[in-house]
>>> print(open('entry28.txt').read())   # compact mmCIF, C-alpha atoms
# COMPACT_ATOMS: atom_id res chain seq x y z
CA MET A 1 -17.78 8.15 -5.43
CA ILE A 2 -14.62 6.06 -5.40
CA ARG A 3 -13.70 5.09 -8.97
CA VAL A 4 -12.24 1.57 -9.21
CA LEU A 5 -10.47 -0.34 -11.98
CA ILE A 6 -10.30 -4.13 -11.60
CA ALA A 7 -7.22 -5.85 -13.08
CA ASP A 8 -7.30 -9.66 -12.98
CA ASP A 9 -6.78 -12.29 -15.65
CA GLN A 10 -9.72 -14.40 -14.44
CA GLY A 11 -13.04 -13.21 -15.83
CA MET A 12 -15.06 -14.78 -13.02
CA VAL A 13 -12.99 -12.96 -10.42
CA ARG A 14 -13.47 -9.62 -12.20
CA THR A 15 -17.21 -10.24 -12.46
CA GLY A 16 -17.49 -11.15 -8.80
CA PHE A 17 -15.59 -8.06 -7.71
CA ARG A 18 -17.60 -5.84 -10.06
CA VAL A 19 -20.98 -7.14 -8.86
CA PHE A 20 -20.15 -6.67 -5.21
CA LEU A 21 -18.34 -3.34 -5.46
CA SER A 22 -20.97 -1.85 -7.79
CA ALA A 23 -23.56 -2.57 -5.10
CA GLN A 24 -21.75 -0.25 -2.69
CA PRO A 25 -23.27 3.24 -2.52
CA ASP A 26 -19.88 4.99 -2.58
CA ILE A 27 -17.97 2.85 -5.12
CA GLU A 28 -18.16 2.87 -8.93
CA VAL A 29 -16.36 0.26 -11.06
CA VAL A 30 -15.20 2.21 -14.12
CA GLY A 31 -13.41 -0.57 -15.98
CA GLU A 32 -11.67 -3.93 -16.12
CA ALA A 33 -8.34 -5.22 -17.40
CA ALA A 34 -7.27 -8.80 -18.12
CA ASP A 35 -3.49 -8.21 -17.87
CA GLY A 36 -0.99 -5.73 -16.54
CA ALA A 37 -0.51 -3.91 -19.83
CA GLN A 38 -4.26 -3.33 -20.16
CA ALA A 39 -4.32 -2.18 -16.54
CA VAL A 40 -1.76 0.53 -17.27
CA GLU A 41 -3.53 1.66 -20.45
CA ARG A 42 -6.99 1.76 -18.89
CA ALA A 43 -5.81 3.42 -15.70
CA VAL A 44 -4.37 6.25 -17.82
CA ALA A 45 -7.56 6.52 -19.86
CA LEU A 46 -10.10 6.14 -17.05
CA ALA A 47 -8.29 7.87 -14.16
CA PRO A 48 -9.58 5.60 -11.38
CA ASP A 49 -8.98 6.43 -7.73
CA VAL A 50 -8.06 2.83 -6.90
CA VAL A 51 -6.77 -0.08 -9.00
CA LEU A 52 -7.39 -3.59 -7.68
CA MET A 53 -4.27 -5.25 -9.07
CA ASP A 54 -3.73 -9.00 -9.32
CA VAL A 55 -0.10 -10.11 -9.10
CA ARG A 56 0.10 -12.99 -11.54
CA MET A 57 -1.21 -11.89 -14.94
CA PRO A 58 -0.09 -12.50 -18.53
CA VAL A 59 1.70 -9.96 -20.76
CA MET A 60 2.77 -7.89 -17.74
CA ASP A 61 2.44 -8.91 -14.11
CA GLY A 62 0.81 -6.74 -11.47
CA LEU A 63 4.07 -5.69 -9.86
CA GLU A 64 5.49 -4.25 -13.09
CA ALA A 65 2.15 -2.63 -13.89
CA THR A 66 2.19 -0.99 -10.46
CA ARG A 67 5.72 0.31 -11.01
CA ARG A 68 4.75 1.84 -14.35
CA LEU A 69 1.57 3.41 -13.03
CA LEU A 70 3.30 5.02 -10.07
CA SER A 71 6.75 5.77 -11.48
CA GLY A 72 5.86 9.39 -12.20
CA GLY A 73 4.83 10.10 -8.63
CA GLY A 74 1.13 10.46 -9.42
CA GLY A 75 -1.40 7.91 -10.50
CA PRO A 76 -4.11 6.00 -8.67
CA LYS A 77 -3.80 4.14 -5.39
CA VAL A 78 -3.00 0.47 -6.00
CA LEU A 79 -4.40 -2.34 -3.87
CA ILE A 80 -2.62 -5.61 -4.60
CA LEU A 81 -4.86 -8.68 -4.68
CA THR A 82 -3.42 -12.17 -4.82
CA THR A 83 -3.99 -15.76 -3.77
CA PHE A 84 -0.27 -16.10 -3.18
CA ASP A 85 0.80 -15.26 0.35
CA LEU A 86 4.51 -14.91 -0.46
CA ASP A 87 7.13 -12.66 1.12
CA ASP A 88 8.62 -11.38 -2.13
CA TYR A 89 5.21 -10.29 -3.41
CA VAL A 90 4.51 -8.34 -0.22
CA TYR A 91 7.89 -6.64 -0.26
CA GLU A 92 8.08 -5.86 -3.98
CA ALA A 93 4.48 -4.68 -4.16
CA LEU A 94 5.03 -2.12 -1.41
CA ARG A 95 8.37 -1.02 -2.81
CA ALA A 96 6.66 -0.52 -6.18
CA GLY A 97 4.36 1.98 -4.51
CA ALA A 98 1.27 -0.09 -3.73
CA SER A 99 -0.86 1.25 -0.89
CA GLY A 100 -2.08 -2.10 0.33
CA PHE A 101 -1.99 -5.83 0.05
CA LEU A 102 -5.05 -8.08 0.38
CA LEU A 103 -5.42 -11.80 -0.12
CA LYS A 104 -8.27 -12.93 -2.36
CA ASP A 105 -9.73 -15.03 0.43
CA ALA A 106 -10.69 -11.83 2.25
CA SER A 107 -14.43 -11.37 2.67
CA ALA A 108 -16.46 -9.14 0.36
CA ALA A 109 -16.94 -6.66 3.19
CA GLN A 110 -13.17 -6.59 3.82
CA LEU A 111 -12.59 -5.88 0.12
CA ALA A 112 -14.97 -2.93 0.10
CA GLU A 113 -13.44 -1.52 3.27
CA ALA A 114 -9.95 -2.00 1.82
CA VAL A 115 -10.93 0.09 -1.22
CA ARG A 116 -12.22 2.84 1.07
CA VAL A 117 -9.12 2.81 3.28
CA VAL A 118 -6.72 2.99 0.34
CA ALA A 119 -8.78 5.65 -1.46
CA ALA A 120 -8.61 7.79 1.69
CA GLY A 121 -4.81 7.76 1.52
CA ASP A 122 -4.16 5.26 4.27
CA ALA A 123 -2.15 2.08 3.98
CA LEU A 124 -3.78 -1.31 4.21
CA ILE A 125 -1.20 -3.62 5.69
CA ALA A 126 -2.47 -6.34 7.98
CA PRO A 127 -0.28 -7.17 11.01
CA ALA A 128 0.58 -10.57 9.52
CA VAL A 129 1.73 -8.90 6.31
CA THR A 130 3.80 -6.38 8.27
CA LYS A 131 5.49 -9.24 10.10
CA ARG A 132 6.50 -10.87 6.79
CA LEU A 133 7.70 -7.52 5.48
CA ILE A 134 9.92 -7.05 8.55
CA HIS A 135 11.31 -10.55 8.10
CA GLU A 136 12.21 -9.65 4.53
CA PHE A 137 14.11 -6.56 5.70
CA ALA A 138 15.93 -8.77 8.21
CA ARG A 139 16.91 -11.15 5.41
CA LEU A 140 18.19 -8.30 3.25
CA GLY A 141 20.47 -7.11 6.03
CA ALA A 142 21.84 -3.55 5.90
CA PRO A 143 19.69 -0.53 4.96
CA ARG A 144 19.59 -0.08 1.19
CA ALA A 145 18.05 3.36 0.56
CA PRO A 146 20.46 6.26 -0.07
CA ALA A 147 18.04 9.00 1.00
CA ALA A 148 18.46 8.68 4.77
CA ARG A 149 19.71 12.27 4.90
CA ARG A 150 16.12 13.43 4.45
CA LEU A 151 15.37 12.11 7.92
CA ALA A 152 17.27 15.11 9.25
CA ASP A 153 14.42 17.32 8.02
CA LEU A 154 12.04 15.72 10.52
CA THR A 155 11.46 17.08 13.98
CA GLU A 156 12.04 14.81 16.97
CA ARG A 157 8.31 14.19 17.35
CA GLU A 158 7.89 13.50 13.62
CA THR A 159 10.73 10.97 13.77
CA GLU A 160 9.02 9.35 16.74
CA VAL A 161 5.74 9.17 14.85
CA LEU A 162 7.44 7.66 11.79
CA THR A 163 9.02 5.00 14.00
CA LEU A 164 5.59 4.04 15.34
CA VAL A 165 4.04 4.09 11.86
CA ALA A 166 6.76 1.62 10.82
CA GLN A 167 5.46 -0.72 13.50
CA ALA A 168 2.11 -0.68 11.65
CA MET A 169 0.41 1.23 14.46
CA SER A 170 -2.79 3.13 13.65
CA ASN A 171 -3.23 6.83 14.38
CA GLN A 172 -5.34 5.89 17.40
CA GLU A 173 -2.66 3.56 18.73
CA ILE A 174 0.07 6.16 18.19
CA ALA A 175 -2.05 8.78 19.95
CA GLY A 176 -2.41 6.47 22.93
CA THR A 177 1.32 5.75 23.03
CA LEU A 178 2.33 9.41 22.81
CA VAL A 179 -0.61 10.66 24.90
CA VAL A 180 -1.72 13.19 22.28
CA ALA A 181 -4.88 13.74 20.26
CA GLU A 182 -5.48 11.51 17.25
CA GLN A 183 -5.83 14.60 15.03
CA THR A 184 -2.37 15.70 16.18
CA VAL A 185 -0.95 12.36 15.07
CA LYS A 186 -2.70 12.69 11.71
CA SER A 187 -1.08 16.10 11.24
CA HIS A 188 2.36 14.72 12.13
CA VAL A 189 1.94 11.82 9.69
CA GLY A 190 0.94 14.24 6.93
CA ARG A 191 4.03 16.37 7.49
CA VAL A 192 6.27 13.29 7.55
CA LEU A 193 4.91 12.12 4.20
CA MET A 194 5.28 15.59 2.70
CA LYS A 195 8.85 16.13 3.93
CA LEU A 196 10.01 12.70 2.78
CA GLY A 197 8.13 12.78 -0.52
CA LEU A 198 6.15 9.62 0.25
CA ARG A 199 2.70 8.69 -1.04
CA ASP A 200 1.27 7.05 2.06
CA ARG A 201 1.88 5.02 5.21
CA ALA A 202 2.87 1.94 3.23
CA GLN A 203 5.79 3.79 1.68
CA ALA A 204 6.61 5.28 5.09
CA ILE A 205 7.01 1.78 6.55
CA VAL A 206 9.32 0.73 3.73
CA TYR A 207 11.29 3.98 4.02
CA ALA A 208 11.77 3.64 7.77
CA TYR A 209 13.27 0.18 7.42
CA GLU A 210 15.31 0.86 4.29
CA THR A 211 16.97 3.90 5.84
CA GLY A 212 17.74 2.06 9.06
CA LEU A 213 15.56 4.29 11.23
CA VAL A 214 13.87 1.10 12.40
CA ARG A 215 15.50 -2.30 12.30
CA PRO A 216 13.85 -5.73 12.44
CA GLY A 217 13.52 -6.92 16.00
CA GLU A 218 13.38 -3.44 17.55
>>> encode(input="entry28.txt", output="structure tokens")
Amino acid sequence: MIRVLIADDQGMVRTGFRVFLSAQPDIEVVGEAADGAQAVERAVALAPDVVLMDVRMPVMDGLEATRRLLSGGGGPKVLILTTFDLDDYVYEALRAGASGFLLKDASAAQLAEAVRVVAAGDALIAPAVTKRLIHEFARLGAPRAPAARRLADLTERETEVLTLVAQAMSNQEIAGTLVVAEQTVKSHVGRVLMKLGLRDRAQAIVYAYETGLVRPGE
């Protein structure tokens, strides 16, 4: 069972999410939070696998709550949910350590699948979201992360795989591009994340752009 905590300041939204997700055979809603501070407290107490995190909430917004939950390197996976399709939310949410970003107008089936994808350790970043993220890197200009030296620890093939991950390609797409088995790609991605100390593919995309390995427009 995938344990889920729902954090949203609108009671009707929480109820709707709870009713649908609780009907899934592999998902259990273990709690709710009406603001970011409650989300942090209840995530610590309930140890969910995934937190559905709204962005705009009172007391503490979802971005700050995500930073606090994930600052220690552990914590649950965070799936950002918002009605606001804004560049700075996309960028800051992923930099804070979120594993995915989903608009609230997504269908119920898309929400359930998003929870499963994030719980499995994969990133949920739609192509349109990736495009906005790349535009934000282009606006920021030069690479900003100081840890580029860690890229030297990667093999040539791992660097190649990271470059393709940064283009939001799936394992299947990368396998087709490199003409290797999909399981081989999965192994490469796992080693890349381990060597660079990254949580998932979402952080890998941010890392690749912030270190200058990949630049907008390439």
>>> closest_residue(input="entry28.txt", among="A:Leu198, A:Thr155, A:Ile174, A:Ala109", to="Ala23 in chain A", atoms="all atoms listed in the file")
A:Ala109
>>> atom_distance(input="entry28.txt", atom1="CA of Leu63 in chain A", atom2="CA of Arg191 in chain A")
28.1 Å
>>> closest_residue(input="entry28.txt", among="A:Pro25, A:Gln203, A:Val117, A:Ala208", to="Thr159 in chain A", atoms="all atoms listed in the file")
A:Ala208
>>> closest_residue(input="entry28.txt", among="A:Ser71, A:Thr15, A:Thr66, A:Gln10", to="Ser99 in chain A", atoms="only C-alpha atoms")
A:Thr66
>>> residues_around(input="entry28.txt", residues="range 94-96 of chain A", least_positions_apart="3", cutoff="10 Å", atoms="only C-alpha atoms", output="list of chain:residue names")
A:Leu63, A:Glu64, A:Ala65, A:Thr66, A:Arg67, A:Arg68, A:Leu69, A:Leu70, A:Ser71, A:Val78, A:Leu79, A:Ile80, A:Asp88, A:Tyr89, A:Val90, A:Tyr91, A:Ser99, A:Gly100, A:Phe101, A:Ala123, A:Ile125, A:Leu133, A:Ala202, A:Gln203, A:Ala204, A:Ile205, A:Val206, A:Tyr207
>>> atom_distance(input="entry28.txt", atom1="CA of Ala181 in chain A", atom2="CA of Asp200 in chain A")
20.3 Å
>>> closest_residue(input="entry28.txt", among="A:Ala166, A:Arg201, A:Ser107, A:Leu178", to="Arg215 in chain A", atoms="only C-alpha atoms")
A:Ala166
>>> closest_residue(input="entry28.txt", among="A:Val30, A:Ala152, A:Leu111, A:Val44", to="Phe17 in chain A", atoms="all atoms listed in the file")
A:Leu111
>>> atom_distance(input="entry28.txt", atom1="CA of Leu193 in chain A", atom2="CA of Gly62 in chain A")
24.9 Å
